[in-house]
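Undergrad: Structure incoming, see below.
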Amino acid sequence: MSVEPTDSSAAATAAPTDFIRDIVAQHVAENRYPKIVTRFPPEPNGYLHIGHAKSICLNFGIARENAGQCNLRFDDTNPVKEDLEYVESITADVKWLIAGWADQCLGFKPKGAIPTVQSVNGQSDFFLDAVSPDTPGAEPFFASDYFEPIYGYAVELIKRGHAYVCDLSPEETEAYRGSPDQPGRDSPYRTRSVVENLDLFGRMRAGEFPNGARSLRAKIDMASPNIWLRDPLLYRIRHASHHQTGDKWCIYPLYDFAHCLSDYLEGITHSICTVEFEVHRPLYDWILENLGLPRPLPHQYEFAKLVPGYTLVSKRKLLQLVTEKIVNGWDDPRMPTLSGLRRRGIPASALRRFVIGVGVTKFDSVTDIAVFDHAVREELNTLAQRRLAVLRPIKIVLTNLAPDEAIECAATNDPQNENPTTRKIVLTRDVFIESDDFAEVPPPKYFRLKPGGEVRLKYACIVKLDEIVKNAAGTITELRCTADLTTRSGHPNSDRKVKGTIHWVSAAQAIDAEVRLYDRLFTVAEPAAEDDFLQVVNPHSLDVVTAKLEPSLATATTDDRFQFERLGYFAIDPRDSAPGKLVFNRTISLKDAWTPKTPPPKK
RNA sequence: UGCCCGAUGGUGUAAUGGUAGCACGAACGACUCUGACUCGUUCUGUCUAGGUUCGACUCCUAGUCGGGCAGCCA
């Protein structure tokens with residue numbers, strides 16, 4: 001069984017529409033670009049989370065719907081915050097999320113390739129084309145690959161009188177910037193000559209000045225109501241080693257300067273980002289428009305980020321959960337990181353179904369986590385093989401079976417399929433059932449096992465509870481029942497109805513496994529709104545039990561997805577499970593529509 | 001306070017001047033060898049006030065509320 005089949009789900013294949021796709025569709029209709037090219041541009045300073053999944057699915061989705069391309073590009077312009085560990089995890093997470101869906105759109109570049117000079121309309125121009133990730137040695141794009149051309153563009157801006165070297169300290173720069181309702185003041189260095197700017201900028205690159213001593217700034221308008229147009233910094237001095245370029249550079253471009261140019265160099269047509277960058281868009285356009293570039297310019301479009309309920313989508317806070325050991329690493333199955341969700345057993349297709357389903361707008365919202373749960377269940381319902389497992393066992397003895405008797409039963413693997421397959425399971429005298437499925441004093445409308453009552457053991461037969469056996473301390477040690485073998489599947493009375501059907505495993509054949517039961521990490525829908533989100537961490541987000549499993553589960557692999565019937569969906573923990581020492585994660589429970597009015601009595 | 005953006009049921013979204021629809025959720029019911037799935041019924045909405053128009057969720061004006069922006073972060 002494969003976990004990642006080609007996407008057959010309607011929700012995931014139906015072409016979504018939203019305001020950004022509408023714009024793209026119009027551009028396609030106008031033939032504005034030879035090909036639609038988007039990009040996913042993470043900074044390698046943390047792990048990808050469920051919020052990024054929306055951006056990935058939007059960018060790759062637009063590419064695949066338009067026979068276009070989407071480049072994975074690391075926005076690595078700040079060496080002091082970034083790390084190779086993150087470029088590796090991010091690359092793996094992106095590949096996992098789009099596998100079987102948009103791999104054909106993923107743009108990589110040849111190993112070590114940098115933009116090359118080409119001629120466009122007689123004008124010299126830099127460009128770096130993508131290759132398939134399958135190309136030997138192919139790797140993601142890096143903004144750091146463009147440091148040389150970006151430096152060249154800075155020089156060009158200086159020559160055009162649009163940028164200058166400023167000697168103001170960081171503190172002075174801030175003071176000169178003014179405030180939202182107060183215009184800024186011109187830097188005293190604003191009027192330096194082109195010659196002097198060129199000289200100083202060259203010496204910045206040569207390493208003549210310490211960190212913060214000078215910066216390169218765009219010359220725009222210190223009185224602009226948009227803060228980002230008040231002579232924004234383009235380059236800062238940073239004597240720091242970079243994870244990609246080593247010690248080659250001691251000046252690094254800032255996001256605003258590097259991003260639009262990176263987009264241009266890769267031939268991006270639609271640069272899609274979240275709404276906090278909206279106020280930067282005029283600067284994005286200004287830089288590109290003031291360079292006299294020969295090819296069509298990319299444009300930026302913004303959408304609201306995804307914030308699911310009961311989860312945090314802040315790299316900083318997620319990092320805090322990791323460093324303070326609230327969770328066990330970035331890939332803890334309770335984490336909303338892609339690696340955590342993957343480890344928990346969430347199929348990439350379910351994540352896609354979810355993020356595509358919530359749509360794309362500019363409205364800040366919190367998405368009900370039930371929508372996510374529903375997407376996961378819907379996907380897993382068709383993907384998962386059914387198995388029997390008992391999480392919290394209580395023993396029953398079928399008194400009319402001989403101790404060595406073993407009755408073979410056929411259990412359905414995939415009832416969701418048109419032609420389901422079956423496997424053999426064995427009914428023996430001693431059987432484990434779920435302790436929740438027995439009540440000595442049953443609440444109203446309790447369908448399960450109760451004194452004198454009957455219940456069906458799924459795939460086997462109906463049993464009747466005759467006697468409750470307790471030890472001296474009053475604890476129930478076993479339930480003695482009679483099995484009505486004429487009600488076995490395929491036997492004369494198999495269609496006899498009882499109200500309840502429960503799951504079970506043969507005590508003689510059961511294998512033990514550690515099963516980790518997860519609950520939401522936070523107790524409130526909006527943990528980010530709390531003064532201290534650590535105060536609303538759910539103390540019961542993890543519950544570990546030793547479960548009894550049917551023996552076929554002994555050979556489960558990390559790619560398998562199971563539904564333990566009546567309990568939920570489970571998958572092997574890829575990190576901690578080993579043959580002979582199985583560890584399962586509960587990906588998600590089954591929906592529970594019963595919810596008794598009174599809690600079941602403690603046994 | 002300056003600029004930018006936004007506002008449709010409990011939640012997320014559609015309707016692009018012409019019947020306010022879909023999904024999640026909730027409630028009830030049917031089915032059931034999974035109290036799941038599936039199916040059926042029901043529930044709840046255009047932020048406010050003006051204006052334009054035969055007609056406004058849609059366009060205009062003002063207001064209210066919410067989000068974003070003053071890192072040499074991205």
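Each chain in the structure tokens gets a letter, A, B and so on, in the order shown; residues start at 1 in every chain, and ligands are counted from 1 in the order they appear.
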Any chance you could tabulate, as JSON lines, the residues of chain B at most 9 Å from chain A with each one's nearest atom pair and distance in Å to one decimal, using only C-alpha atoms (C1' of nucleotides), in chain and rising number order?
TA:
{"residue": "B:U1", "atom": "C1'", "partner": "A:Asp181", "partner_atom": "CA", "distance": 6.3}
{"residue": "B:G2", "atom": "C1'", "partner": "A:Asp181", "partner_atom": "CA", "distance": 3.8}
{"residue": "B:C3", "atom": "C1'", "partner": "A:Pro225", "partner_atom": "CA", "distance": 5.1}
{"residue": "B:C4", "atom": "C1'", "partner": "A:Val279", "partner_atom": "CA", "distance": 6.0}
{"residue": "B:C5", "atom": "C1'", "partner": "A:Lys362", "partner_atom": "CA", "distance": 7.8}
{"residue": "B:G6", "atom": "C1'", "partner": "A:Phe363", "partner_atom": "CA", "distance": 5.6}
{"residue": "B:A7", "atom": "C1'", "partner": "A:Phe363", "partner_atom": "CA", "distance": 7.9}
{"residue": "B:U11", "atom": "C1'", "partner": "A:Asp368", "partner_atom": "CA", "distance": 5.4}
{"residue": "B:G12", "atom": "C1'", "partner": "A:Val358", "partner_atom": "CA", "distance": 5.7}
{"residue": "B:U13", "atom": "C1'", "partner": "A:Gly359", "partner_atom": "CA", "distance": 6.5}
{"residue": "B:A23", "atom": "C1'", "partner": "A:Gly357", "partner_atom": "CA", "distance": 8.1}
{"residue": "B:C24", "atom": "C1'", "partner": "A:Val371", "partner_atom": "CA", "distance": 5.3}
{"residue": "B:G25", "atom": "C1'", "partner": "A:Ala370", "partner_atom": "CA", "distance": 7.7}
{"residue": "B:C33", "atom": "C1'", "partner": "A:Lys458", "partner_atom": "CA", "distance": 5.4}
{"residue": "B:U34", "atom": "C1'", "partner": "A:Arg566", "partner_atom": "CA", "distance": 4.8}
{"residue": "B:G35", "atom": "C1'", "partner": "A:Trp594", "partner_atom": "CA", "distance": 5.2}
{"residue": "B:A36", "atom": "C1'", "partner": "A:Leu590", "partner_atom": "CA", "distance": 6.3}
{"residue": "B:C37", "atom": "C1'", "partner": "A:Asn381", "partner_atom": "CA", "distance": 7.8}
{"residue": "B:G66", "atom": "C1'", "partner": "A:Asp364", "partner_atom": "CA", "distance": 8.4}
{"residue": "B:G67", "atom": "C1'", "partner": "A:Asp364", "partner_atom": "CA", "distance": 6.5}
{"residue": "B:G68", "atom": "C1'", "partner": "A:Glu276", "partner_atom": "CA", "distance": 5.4}
{"residue": "B:C69", "atom": "C1'", "partner": "A:Val279", "partner_atom": "CA", "distance": 6.4}
{"residue": "B:A70", "atom": "C1'", "partner": "A:Ser179", "partner_atom": "CA", "distance": 5.1}
{"residue": "B:C72", "atom": "C1'", "partner": "A:Arg236", "partner_atom": "CA", "distance": 5.2}
{"residue": "B:C73", "atom": "C1'", "partner": "A:Asn78", "partner_atom": "CA", "distance": 7.8}
{"residue": "B:A74", "atom": "C1'", "partner": "A:Tyr255", "partner_atom": "CA", "distance": 6.4}
Undergrad: If DSSP is run on the backbone, what residues of region 227-456 of chain A are strand (DSSP E)? A reply as an mmCIF file with N, CA, C and O atoms, in the first residue's frame would be ideal.
TA:
data_model
loop_
_atom_site.group_PDB
_atom_site.id
_atom_site.type_symbol
_atom_site.label_atom_id
_atom_site.label_comp_id
_atom_site.auth_asym_id
_atom_site.auth_seq_id
_atom_site.Cartn_x
_atom_site.Cartn_y
_atom_site.Cartn_z
ATOM 1 N N LEU A 233 17.793 50.947 3.430
ATOM 2 C CA LEU A 233 19.116 50.357 3.260
ATOM 3 C C LEU A 233 19.070 49.251 2.215
ATOM 4 O O LEU A 233 18.113 48.485 2.147
ATOM 5 N N LEU A 234 20.140 49.204 1.435
ATOM 6 C CA LEU A 234 20.268 48.192 0.401
ATOM 7 C C LEU A 234 21.341 47.156 0.802
ATOM 8 O O LEU A 234 21.209 45.974 0.544
ATOM 9 N N TYR A 235 22.408 47.681 1.400
ATOM 10 C CA TYR A 235 23.524 46.819 1.821
ATOM 11 C C TYR A 235 23.990 47.196 3.205
ATOM 12 O O TYR A 235 24.015 48.374 3.560
ATOM 13 N N ARG A 236 24.356 46.177 4.001
ATOM 14 C CA ARG A 236 24.975 46.451 5.286
ATOM 15 C C ARG A 236 26.300 45.712 5.347
ATOM 16 O O ARG A 236 26.516 44.732 4.616
ATOM 17 N N ILE A 237 27.176 46.192 6.219
ATOM 18 C CA ILE A 237 28.472 45.533 6.401
ATOM 19 C C ILE A 237 28.303 44.466 7.482
ATOM 20 O O ILE A 237 27.770 44.732 8.558
ATOM 21 N N ILE A 251 29.901 42.307 2.870
ATOM 22 C CA ILE A 251 28.684 43.137 2.767
ATOM 23 C C ILE A 251 27.584 42.240 2.212
ATOM 24 O O ILE A 251 27.845 41.379 1.362
ATOM 25 N N TYR A 252 26.404 42.396 2.763
ATOM 26 C CA TYR A 252 25.285 41.547 2.337
ATOM 27 C C TYR A 252 24.073 42.416 2.012
ATOM 28 O O TYR A 252 23.764 43.360 2.756
ATOM 29 N N PRO A 253 23.387 42.108 0.900
ATOM 30 C CA PRO A 253 22.210 42.890 0.530
ATOM 31 C C PRO A 253 21.058 42.586 1.494
ATOM 32 O O PRO A 253 20.967 41.478 2.011
ATOM 33 N N HIS A 270 5.388 35.940 -11.144
ATOM 34 C CA HIS A 270 4.472 36.281 -10.055
ATOM 35 C C HIS A 270 5.149 35.971 -8.728
ATOM 36 O O HIS A 270 5.414 34.814 -8.418
ATOM 37 N N SER A 271 5.452 37.020 -7.985
ATOM 38 C CA SER A 271 6.174 36.883 -6.726
ATOM 39 C C SER A 271 5.162 37.001 -5.594
ATOM 40 O O SER A 271 4.715 38.090 -5.260
ATOM 41 N N ILE A 272 4.799 35.843 -5.049
ATOM 42 C CA ILE A 272 3.679 35.801 -4.112
ATOM 43 C C ILE A 272 4.174 35.697 -2.674
ATOM 44 O O ILE A 272 4.976 34.811 -2.349
ATOM 45 N N CYS A 273 3.713 36.609 -1.827
ATOM 46 C CA CYS A 273 4.175 36.627 -0.444
ATOM 47 C C CYS A 273 3.012 36.976 0.479
ATOM 48 O O CYS A 273 1.897 37.194 0.027
ATOM 49 N N THR A 274 3.293 37.035 1.763
ATOM 50 C CA THR A 274 2.231 37.317 2.724
ATOM 51 C C THR A 274 2.044 38.822 2.917
ATOM 52 O O THR A 274 2.902 39.619 2.535
ATOM 53 N N HIS A 299 6.150 40.843 -10.619
ATOM 54 C CA HIS A 299 5.315 41.667 -9.744
ATOM 55 C C HIS A 299 4.940 40.897 -8.501
ATOM 56 O O HIS A 299 4.825 39.672 -8.521
ATOM 57 N N GLN A 300 4.759 41.654 -7.435
ATOM 58 C CA GLN A 300 4.480 41.041 -6.146
ATOM 59 C C GLN A 300 2.983 41.057 -5.828
ATOM 60 O O GLN A 300 2.296 42.043 -6.064
ATOM 61 N N TYR A 301 2.508 39.946 -5.283
ATOM 62 C CA TYR A 301 1.099 39.823 -4.876
ATOM 63 C C TYR A 301 1.073 39.253 -3.470
ATOM 64 O O TYR A 301 1.892 38.399 -3.142
ATOM 65 N N GLU A 302 0.145 39.738 -2.653
ATOM 66 C CA GLU A 302 0.145 39.325 -1.249
ATOM 67 C C GLU A 302 -1.140 38.607 -0.843
ATOM 68 O O GLU A 302 -2.221 38.931 -1.319
ATOM 69 N N PHE A 303 -1.004 37.643 0.064
ATOM 70 C CA PHE A 303 -2.156 36.931 0.606
ATOM 71 C C PHE A 303 -1.974 36.779 2.119
ATOM 72 O O PHE A 303 -0.867 36.923 2.635
ATOM 73 N N GLN A 385 -5.279 0.907 5.770
ATOM 74 C CA GLN A 385 -5.692 -0.481 5.960
ATOM 75 C C GLN A 385 -6.308 -0.619 7.350
ATOM 76 O O GLN A 385 -5.781 -0.071 8.314
ATOM 77 N N ARG A 386 -7.390 -1.384 7.464
ATOM 78 C CA ARG A 386 -8.007 -1.591 8.772
ATOM 79 C C ARG A 386 -7.256 -2.687 9.518
ATOM 80 O O ARG A 386 -6.871 -3.706 8.930
ATOM 81 N N ARG A 387 -7.070 -2.473 10.816
ATOM 82 C CA ARG A 387 -6.466 -3.479 11.677
ATOM 83 C C ARG A 387 -7.173 -3.415 13.028
ATOM 84 O O ARG A 387 -7.835 -2.416 13.347
ATOM 85 N N ALA A 389 -6.683 -3.413 17.123
ATOM 86 C CA ALA A 389 -5.712 -3.145 18.186
ATOM 87 C C ALA A 389 -6.478 -2.682 19.410
ATOM 88 O O ALA A 389 -7.525 -2.048 19.292
ATOM 89 N N VAL A 390 -5.957 -3.020 20.553
ATOM 90 C CA VAL A 390 -6.600 -2.623 21.803
ATOM 91 C C VAL A 390 -5.627 -1.773 22.603
ATOM 92 O O VAL A 390 -4.533 -2.210 22.943
ATOM 93 N N PRO A 393 -6.214 -2.625 27.381
ATOM 94 C CA PRO A 393 -6.855 -3.937 27.367
ATOM 95 C C PRO A 393 -7.514 -4.353 28.680
ATOM 96 O O PRO A 393 -7.051 -3.990 29.767
ATOM 97 N N ILE A 394 -8.601 -5.110 28.519
ATOM 98 C CA ILE A 394 -9.200 -5.819 29.638
ATOM 99 C C ILE A 394 -9.493 -7.207 29.076
ATOM 100 O O ILE A 394 -9.899 -7.346 27.915
ATOM 101 N N LYS A 395 -9.239 -8.242 29.881
ATOM 102 C CA LYS A 395 -9.328 -9.601 29.355
ATOM 103 C C LYS A 395 -10.740 -10.160 29.470
ATOM 104 O O LYS A 395 -11.397 -9.997 30.502
ATOM 105 N N ILE A 396 -11.180 -10.830 28.431
ATOM 106 C CA ILE A 396 -12.408 -11.601 28.543
ATOM 107 C C ILE A 396 -12.079 -13.056 28.220
ATOM 108 O O ILE A 396 -11.175 -13.347 27.436
ATOM 109 N N VAL A 397 -12.808 -13.949 28.872
ATOM 110 C CA VAL A 397 -12.602 -15.386 28.658
ATOM 111 C C VAL A 397 -13.873 -15.950 28.051
ATOM 112 O O VAL A 397 -14.964 -15.780 28.613
ATOM 113 N N LEU A 398 -13.709 -16.600 26.899
ATOM 114 C CA LEU A 398 -14.859 -17.215 26.238
ATOM 115 C C LEU A 398 -14.947 -18.634 26.777
ATOM 116 O O LEU A 398 -14.222 -19.539 26.330
ATOM 117 N N ILE A 407 -10.166 -20.227 16.261
ATOM 118 C CA ILE A 407 -11.151 -20.119 15.199
ATOM 119 C C ILE A 407 -10.729 -19.024 14.230
ATOM 120 O O ILE A 407 -10.540 -17.872 14.608
ATOM 121 N N GLU A 408 -10.545 -19.404 12.968
ATOM 122 C CA GLU A 408 -10.123 -18.413 11.968
ATOM 123 C C GLU A 408 -11.280 -17.531 11.535
ATOM 124 O O GLU A 408 -12.386 -18.019 11.286
ATOM 125 N N CYS A 409 -11.000 -16.249 11.447
ATOM 126 C CA CYS A 409 -12.017 -15.301 10.984
ATOM 127 C C CYS A 409 -11.407 -14.459 9.863
ATOM 128 O O CYS A 409 -10.204 -14.217 9.844
ATOM 129 N N ALA A 410 -12.244 -14.023 8.943
ATOM 130 C CA ALA A 410 -11.771 -13.152 7.860
ATOM 131 C C ALA A 410 -12.070 -11.703 8.229
ATOM 132 O O ALA A 410 -13.209 -11.348 8.509
ATOM 133 N N ALA A 411 -11.036 -10.885 8.224
ATOM 134 C CA ALA A 411 -11.214 -9.474 8.551
ATOM 135 C C ALA A 411 -10.959 -8.622 7.316
ATOM 136 O O ALA A 411 -10.020 -8.888 6.552
ATOM 137 N N THR A 412 -11.775 -7.642 7.130
ATOM 138 C CA THR A 412 -11.660 -6.793 5.944
ATOM 139 C C THR A 412 -10.515 -5.779 6.102
ATOM 140 O O THR A 412 -10.381 -5.139 7.138
ATOM 141 N N THR A 422 -9.313 -9.355 2.295
ATOM 142 C CA THR A 422 -9.398 -9.754 3.701
ATOM 143 C C THR A 422 -8.105 -10.407 4.161
ATOM 144 O O THR A 422 -7.257 -10.775 3.347
ATOM 145 N N ARG A 423 -7.968 -10.527 5.447
ATOM 146 C CA ARG A 423 -6.851 -11.258 6.054
ATOM 147 C C ARG A 423 -7.457 -12.163 7.122
ATOM 148 O O ARG A 423 -8.614 -11.974 7.507
ATOM 149 N N LYS A 424 -6.661 -13.105 7.598
ATOM 150 C CA LYS A 424 -7.167 -14.010 8.629
ATOM 151 C C LYS A 424 -6.746 -13.535 10.008
ATOM 152 O O LYS A 424 -5.591 -13.163 10.215
ATOM 153 N N ILE A 425 -7.695 -13.546 10.918
ATOM 154 C CA ILE A 425 -7.364 -13.316 12.315
ATOM 155 C C ILE A 425 -7.941 -14.484 13.100
ATOM 156 O O ILE A 425 -8.790 -15.214 12.577
ATOM 157 N N VAL A 426 -7.481 -14.665 14.318
ATOM 158 C CA VAL A 426 -7.837 -15.869 15.063
ATOM 159 C C VAL A 426 -8.520 -15.535 16.385
ATOM 160 O O VAL A 426 -8.014 -14.728 17.166
ATOM 161 N N LEU A 427 -9.656 -16.189 16.579
ATOM 162 C CA LEU A 427 -10.381 -16.028 17.844
ATOM 163 C C LEU A 427 -9.968 -17.159 18.792
ATOM 164 O O LEU A 427 -9.994 -18.332 18.412
ATOM 165 N N ASP A 430 -9.010 -16.726 25.283
ATOM 166 C CA ASP A 430 -8.715 -15.454 25.947
ATOM 167 C C ASP A 430 -8.580 -14.340 24.915
ATOM 168 O O ASP A 430 -7.844 -14.482 23.925
ATOM 169 N N VAL A 431 -9.270 -13.268 25.161
ATOM 170 C CA VAL A 431 -9.315 -12.166 24.207
ATOM 171 C C VAL A 431 -9.199 -10.851 24.974
ATOM 172 O O VAL A 431 -9.690 -10.730 26.095
ATOM 173 N N PHE A 432 -8.517 -9.884 24.365
ATOM 174 C CA PHE A 432 -8.498 -8.539 24.960
ATOM 175 C C PHE A 432 -9.531 -7.665 24.259
ATOM 176 O O PHE A 432 -9.641 -7.689 23.025
ATOM 177 N N ILE A 433 -10.253 -6.899 25.047
ATOM 178 C CA ILE A 433 -11.113 -5.865 24.459
ATOM 179 C C ILE A 433 -10.748 -4.530 25.113
ATOM 180 O O ILE A 433 -10.012 -4.487 26.107
ATOM 181 N N GLU A 434 -11.241 -3.469 24.544
ATOM 182 C CA GLU A 434 -10.958 -2.123 25.054
ATOM 183 C C GLU A 434 -11.687 -1.925 26.383
ATOM 184 O O GLU A 434 -12.875 -2.238 26.476
ATOM 185 N N GLU A 454 -25.136 -8.433 25.451
ATOM 186 C CA GLU A 454 -24.477 -9.059 24.312
ATOM 187 C C GLU A 454 -23.822 -8.003 23.432
ATOM 188 O O GLU A 454 -24.315 -6.878 23.300
ATOM 189 N N VAL A 455 -22.723 -8.411 22.800
ATOM 190 C CA VAL A 455 -22.025 -7.516 21.905
ATOM 191 C C VAL A 455 -21.356 -8.369 20.841
ATOM 192 O O VAL A 455 -21.079 -9.552 21.087
ATOM 193 N N ARG A 456 -21.147 -7.796 19.672
ATOM 194 C CA ARG A 456 -20.456 -8.583 18.651
ATOM 195 C C ARG A 456 -18.969 -8.266 18.674
ATOM 196 O O ARG A 456 -18.583 -7.089 18.751
#
Undergrad: Identify all residues of region 53-127 of chain A in alpha helix (DSSP H) (DSSP on the backbone) and supply them as a PyMOL selection string.
TA: chain A and resi 53-65+84-98
Undergrad: Would you save the residues of that selection, restricted to N, CA and C atoms, as an mmCIF file, in the first residue's frame?
TA:
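Output contents, as saved in result.cif:
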data_model
loop_
_atom_site.group_PDB
_atom_site.id
_atom_site.type_symbol
_atom_site.label_atom_id
_atom_site.label_comp_id
_atom_site.auth_asym_id
_atom_site.auth_seq_id
_atom_site.Cartn_x
_atom_site.Cartn_y
_atom_site.Cartn_z
ATOM 1 N N ALA A 53 3.007 25.529 4.249
ATOM 2 C CA ALA A 53 2.367 24.593 3.322
ATOM 3 C C ALA A 53 1.402 25.341 2.403
ATOM 4 N N LYS A 54 0.754 26.355 2.946
ATOM 5 C CA LYS A 54 -0.176 27.137 2.130
ATOM 6 C C LYS A 54 0.567 27.858 1.012
ATOM 7 N N SER A 55 1.685 28.470 1.376
ATOM 8 C CA SER A 55 2.474 29.187 0.390
ATOM 9 C C SER A 55 3.017 28.230 -0.672
ATOM 10 N N ILE A 56 3.491 27.075 -0.229
ATOM 11 C CA ILE A 56 4.027 26.079 -1.159
ATOM 12 C C ILE A 56 2.933 25.624 -2.129
ATOM 13 N N CYS A 57 1.769 25.314 -1.578
ATOM 14 C CA CYS A 57 0.688 24.820 -2.439
ATOM 15 C C CYS A 57 0.159 25.904 -3.365
ATOM 16 N N LEU A 58 0.220 27.150 -2.932
ATOM 17 C CA LEU A 58 -0.222 28.253 -3.782
ATOM 18 C C LEU A 58 0.760 28.419 -4.939
ATOM 19 N N ASN A 59 2.040 28.508 -4.598
ATOM 20 C CA ASN A 59 3.048 28.749 -5.626
ATOM 21 C C ASN A 59 3.207 27.572 -6.591
ATOM 22 N N PHE A 60 3.264 26.367 -6.029
ATOM 23 C CA PHE A 60 3.391 25.198 -6.901
ATOM 24 C C PHE A 60 2.071 24.912 -7.608
ATOM 25 N N GLY A 61 0.967 25.220 -6.931
ATOM 26 C CA GLY A 61 -0.340 25.003 -7.538
ATOM 27 C C GLY A 61 -0.516 25.871 -8.775
ATOM 28 N N ILE A 62 -0.154 27.121 -8.655
ATOM 29 C CA ILE A 62 -0.271 28.025 -9.799
ATOM 30 C C ILE A 62 0.639 27.563 -10.931
ATOM 31 N N ALA A 63 1.814 27.090 -10.558
ATOM 32 C CA ALA A 63 2.746 26.608 -11.584
ATOM 33 C C ALA A 63 2.152 25.396 -12.310
ATOM 34 N N ARG A 64 1.618 24.436 -11.555
ATOM 35 C CA ARG A 64 1.141 23.208 -12.203
ATOM 36 C C ARG A 64 -0.130 23.439 -13.007
ATOM 37 N N GLU A 65 -0.935 24.392 -12.565
ATOM 38 C CA GLU A 65 -2.173 24.657 -13.295
ATOM 39 C C GLU A 65 -1.914 25.406 -14.602
ATOM 40 N N LEU A 84 22.952 25.556 7.609
ATOM 41 C CA LEU A 84 22.834 24.496 6.630
ATOM 42 C C LEU A 84 21.785 23.454 7.028
ATOM 43 N N GLU A 85 21.655 23.216 8.326
ATOM 44 C CA GLU A 85 20.668 22.249 8.822
ATOM 45 C C GLU A 85 19.284 22.603 8.265
ATOM 46 N N TYR A 86 19.010 23.892 8.220
ATOM 47 C CA TYR A 86 17.692 24.318 7.768
ATOM 48 C C TYR A 86 17.537 24.189 6.265
ATOM 49 N N VAL A 87 18.615 24.418 5.495
ATOM 50 C CA VAL A 87 18.422 24.265 4.054
ATOM 51 C C VAL A 87 18.128 22.804 3.734
ATOM 52 N N GLU A 88 18.730 21.910 4.481
ATOM 53 C CA GLU A 88 18.471 20.490 4.225
ATOM 54 C C GLU A 88 17.057 20.069 4.622
ATOM 55 N N SER A 89 16.604 20.521 5.796
ATOM 56 C CA SER A 89 15.260 20.131 6.232
ATOM 57 C C SER A 89 14.199 20.751 5.326
ATOM 58 N N ILE A 90 14.418 21.989 4.949
ATOM 59 C CA ILE A 90 13.435 22.670 4.102
ATOM 60 C C ILE A 90 13.329 21.999 2.734
ATOM 61 N N THR A 91 14.478 21.656 2.162
ATOM 62 C CA THR A 91 14.469 20.994 0.860
ATOM 63 C C THR A 91 13.701 19.672 0.930
ATOM 64 N N ALA A 92 13.964 18.910 1.985
ATOM 65 C CA ALA A 92 13.279 17.618 2.143
ATOM 66 C C ALA A 92 11.776 17.822 2.337
ATOM 67 N N ASP A 93 11.414 18.811 3.127
ATOM 68 C CA ASP A 93 9.996 19.060 3.392
ATOM 69 C C ASP A 93 9.243 19.488 2.137
ATOM 70 N N VAL A 94 9.857 20.335 1.343
ATOM 71 C CA VAL A 94 9.206 20.784 0.107
ATOM 72 C C VAL A 94 9.010 19.602 -0.839
ATOM 73 N N LYS A 95 10.057 18.812 -1.011
ATOM 74 C CA LYS A 95 9.960 17.652 -1.906
ATOM 75 C C LYS A 95 8.853 16.707 -1.437
ATOM 76 N N TRP A 96 8.787 16.520 -0.133
ATOM 77 C CA TRP A 96 7.758 15.619 0.415
ATOM 78 C C TRP A 96 6.357 16.159 0.135
ATOM 79 N N LEU A 97 6.170 17.450 0.376
ATOM 80 C CA LEU A 97 4.829 18.029 0.232
ATOM 81 C C LEU A 97 4.314 18.009 -1.201
ATOM 82 N N ILE A 98 5.197 18.162 -2.162
ATOM 83 C CA ILE A 98 4.722 18.255 -3.552
ATOM 84 C C ILE A 98 4.842 16.931 -4.314
#
Undergrad: Using Å and a single decimal, report how far CA of Pro308 (chain A) sits from CA of Pro336 (chain A).
TA: 9.5 Å
Undergrad: So which residues touch Leu401 (chain A) within 9 Å, counting only C-alpha atoms (C1' of nucleotides), skipping near sequence neighbours fewer than 3 positions away, as a PyMOL selection string?
TA: chain A and resi 397-398+404-406+428-430+482-483
Undergrad: Distance CA of Leu534 (chain A)-CA of Asn328 (chain A), one decimal place?
TA: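 Interatomic distance, CA of Leu534 (chain A) to CA of Asn328 (chain A): 15.2 Å.
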